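What follows is one structure encoded as structure tokens, with my remarks underneath.
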Amino acid sequence: MKAHHDQHFLIDPHAVNRIADLEDVQGKKVLEIGPGNGVLTRALLDRGAIVHAIELDGLLCEQLEVTFSEEIASGRLTLQHGDATRCEIPPFEITVSNLPYSASSKITFRLLDEGFRVAVLMYQAEFAERMVAKAGTKDCGRLSIMVQTYAAVQQCFRLPPQCFSPKPQVHSMVVKIFPRDPIFYIQDRRLYADVVRALFSHRRKTVRNCLRGSVGSMLGEEWVKRVIATLPEEILQSRPEALYLEDFATIANIE
């Protein structure tokens with residue numbers, strides 16, 4: 001069976017309870033992205049959460065409206081039909097979500113911009129591993145740098161394919177994300193994000209060539225010239241995967 005909208009629904013009750021118990025949600029405003037068939041939604045409501053659920057699939061929304069009619073009427077659950085990568089998201093304290101695999105990166109970056117106290121999120125295991133890859137190592141990438149710049153990540157547990165329907169081809173992993181201020185000062189968050197994206201778009205090239213190759217598409221020509229004239233040769237000759245968080249901040253903070 002093919003996953004509709006890239007959603008693999010949790011069917012293992014033990015796994016659902018493990019996820020729902022990772023944070024105390026009693027009386028908290030909880031955002032759930034991709035509620036699907038509602039099993040995690042039910043677990044959160046049973047634990048006293050005030051849930052705002054965003055679901056892309058219109059048919060699933062209709063089914064959820066029937067299943068949770070009482071909770072919706074009482075205000076304990078708000079159901080929103082929309083795309084979590086772009087629709088309006090109300091303020092929330094915690095998010096607990098089984099994210100669609102294909103939208104994991106976009107949604108994660110968006111959540112970090114929105115702000116929250118803690119996130120309990122499920123990803124493909126490989127994706128979760130990339131999130132915690134250390135800066136300066138070959139496994140490090142744009143995801144690693146952007147997440148670790150603005151948050152601390154704790155890996156909680158893996159789930160095998162048989163916990164889902166339809167079964168994915170890979171294992172999944174549940175993580176907790178704790179937002180924090182950057183360790184190194186960042187003058188312009190948007191420019192910083194553009195710099196990280198530009199460098200990892202050409203990760204096999206040197207920093208100098210990455211910057212030059214991104215002129216016009218991601219970075220301004222005059223700014224790139226100033227950066228190349230200012231940075232030490234050691235950084236300019238490095239590949240992006242060899243840089244540390246401080247190096248990305250140093251590049252982005254050049255005026």
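In the structure tokens, each chain is lettered A, B, ... as it comes, each chain's residues begin at 1, and ligands are numbered from 1 in order of appearance.
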Using only C-alpha atoms, find each residue in stretch 105-174 of chain A having at least one atom no more than 8 Å away from stretch 190-212 of chain A; report its shortest atom-to-atom pair and that distance in Å (one decimal), rows by chain then rising number, as a tab-separated table.
residue	atom	partner	partner_atom	distance
A:Gly141	CA	A:Phe200	CA	6.5
A:Arg142	CA	A:Phe200	CA	5.9
A:Ile145	CA	A:Val196	CA	7.6
A:Met146	CA	A:Ala193	CA	7.3
**Message:** I need the residues of stretch 3-212 of chain A that end up classed as strand (DSSP E) by DSSP on the backbone, written out as a ChimeraX atom specification.
**Reply:** /A:9-10,29-33,50-55,77-81,94-98,118-124,151-159,164-165,172-179
Env of stretch 12-23 of chain A: 9 Å cut, atoms = only C-alpha atoms, seq-sep filter 2 positions within chain, self excluded. Answer as a CSV table (one decimal) with C-alpha atoms, in the first residue's frame.
chain,number,residue,atom,x,y,z
A,10,LEU,CA,0.9,4.8,13.8
A,25,VAL,CA,0.9,18.0,28.1
A,39,VAL,CA,-4.5,7.8,17.4
A,40,LEU,CA,-1.9,10.2,18.7
A,43,ALA,CA,-3.6,10.0,23.4
A,44,LEU,CA,-2.8,13.7,23.8
A,47,ARG,CA,-3.6,13.3,28.8
A,94,ILE,CA,4.5,22.1,22.7
A,96,VAL,CA,3.9,16.4,19.3
A,118,VAL,CA,9.7,21.7,23.3
A,119,ALA,CA,8.9,19.6,20.3
A,120,VAL,CA,8.4,15.8,20.2
A,121,LEU,CA,8.7,14.9,16.6
A,122,MET,CA,9.0,11.6,14.6
A,156,CYS,CA,14.6,9.3,22.2
A,159,LEU,CA,10.5,2.5,15.8
A,162,GLN,CA,5.7,-2.7,11.6
A,163,CYS,CA,4.6,0.1,14.0
A,164,PHE,CA,3.0,1.9,10.9
A,174,VAL,CA,11.4,10.1,17.8
A,176,LYS,CA,12.9,16.0,21.4
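Here atom CA of A:Thr95 is placed at a distance of 24.8 Å from atom CA of A:Lys134.
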**Request:** Output as a PyMOL selection string all residues of stretch 7-195 of chain A that backbone DSSP marks as helix (DSSP H, G or I).
**Result:** chain A and resi 13-20+39-46+58-67+69-74+101-114+125-131+142-150+161-163+189-195
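Across A:Val30, A:Ala152, A:Ile107, A:Val51, the tightest approach to A:Ile72 is made by A:Val51 when counting only C-alpha atoms.
Shortest separation to A:Gln187 among A:Thr250, A:Ser214, A:Gln80, A:Gln237 occurs at residue A:Thr250, atoms counted being only C-alpha atoms.
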**Asked** Near A:Phe9, within 8 Å and counting only C-alpha atoms, which residues show up once chain neighbours fewer than 6 positions away are dropped, as a PyMOL selection string?
**Response** chain A and resi 36-37+164-166
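Atom pair atom CA of A:Glu93 / atom CA of A:Val66: separated by 26.3 Å.
Reported to one decimal place, the separation of atom CA of A:Glu55 from atom CA of A:Phe178 is 24.0 Å.
Minimum distance to A:Pro161 across A:Ile251, A:Leu231, A:Met173, A:Phe92 (counting only C-alpha atoms) occurs at A:Met173.
The shortest atom-to-atom distance to A:Ile183, with only C-alpha atoms taken into account, belongs to A:Thr149 out of A:Gln7, A:Ser144, A:Thr149, A:Thr137.
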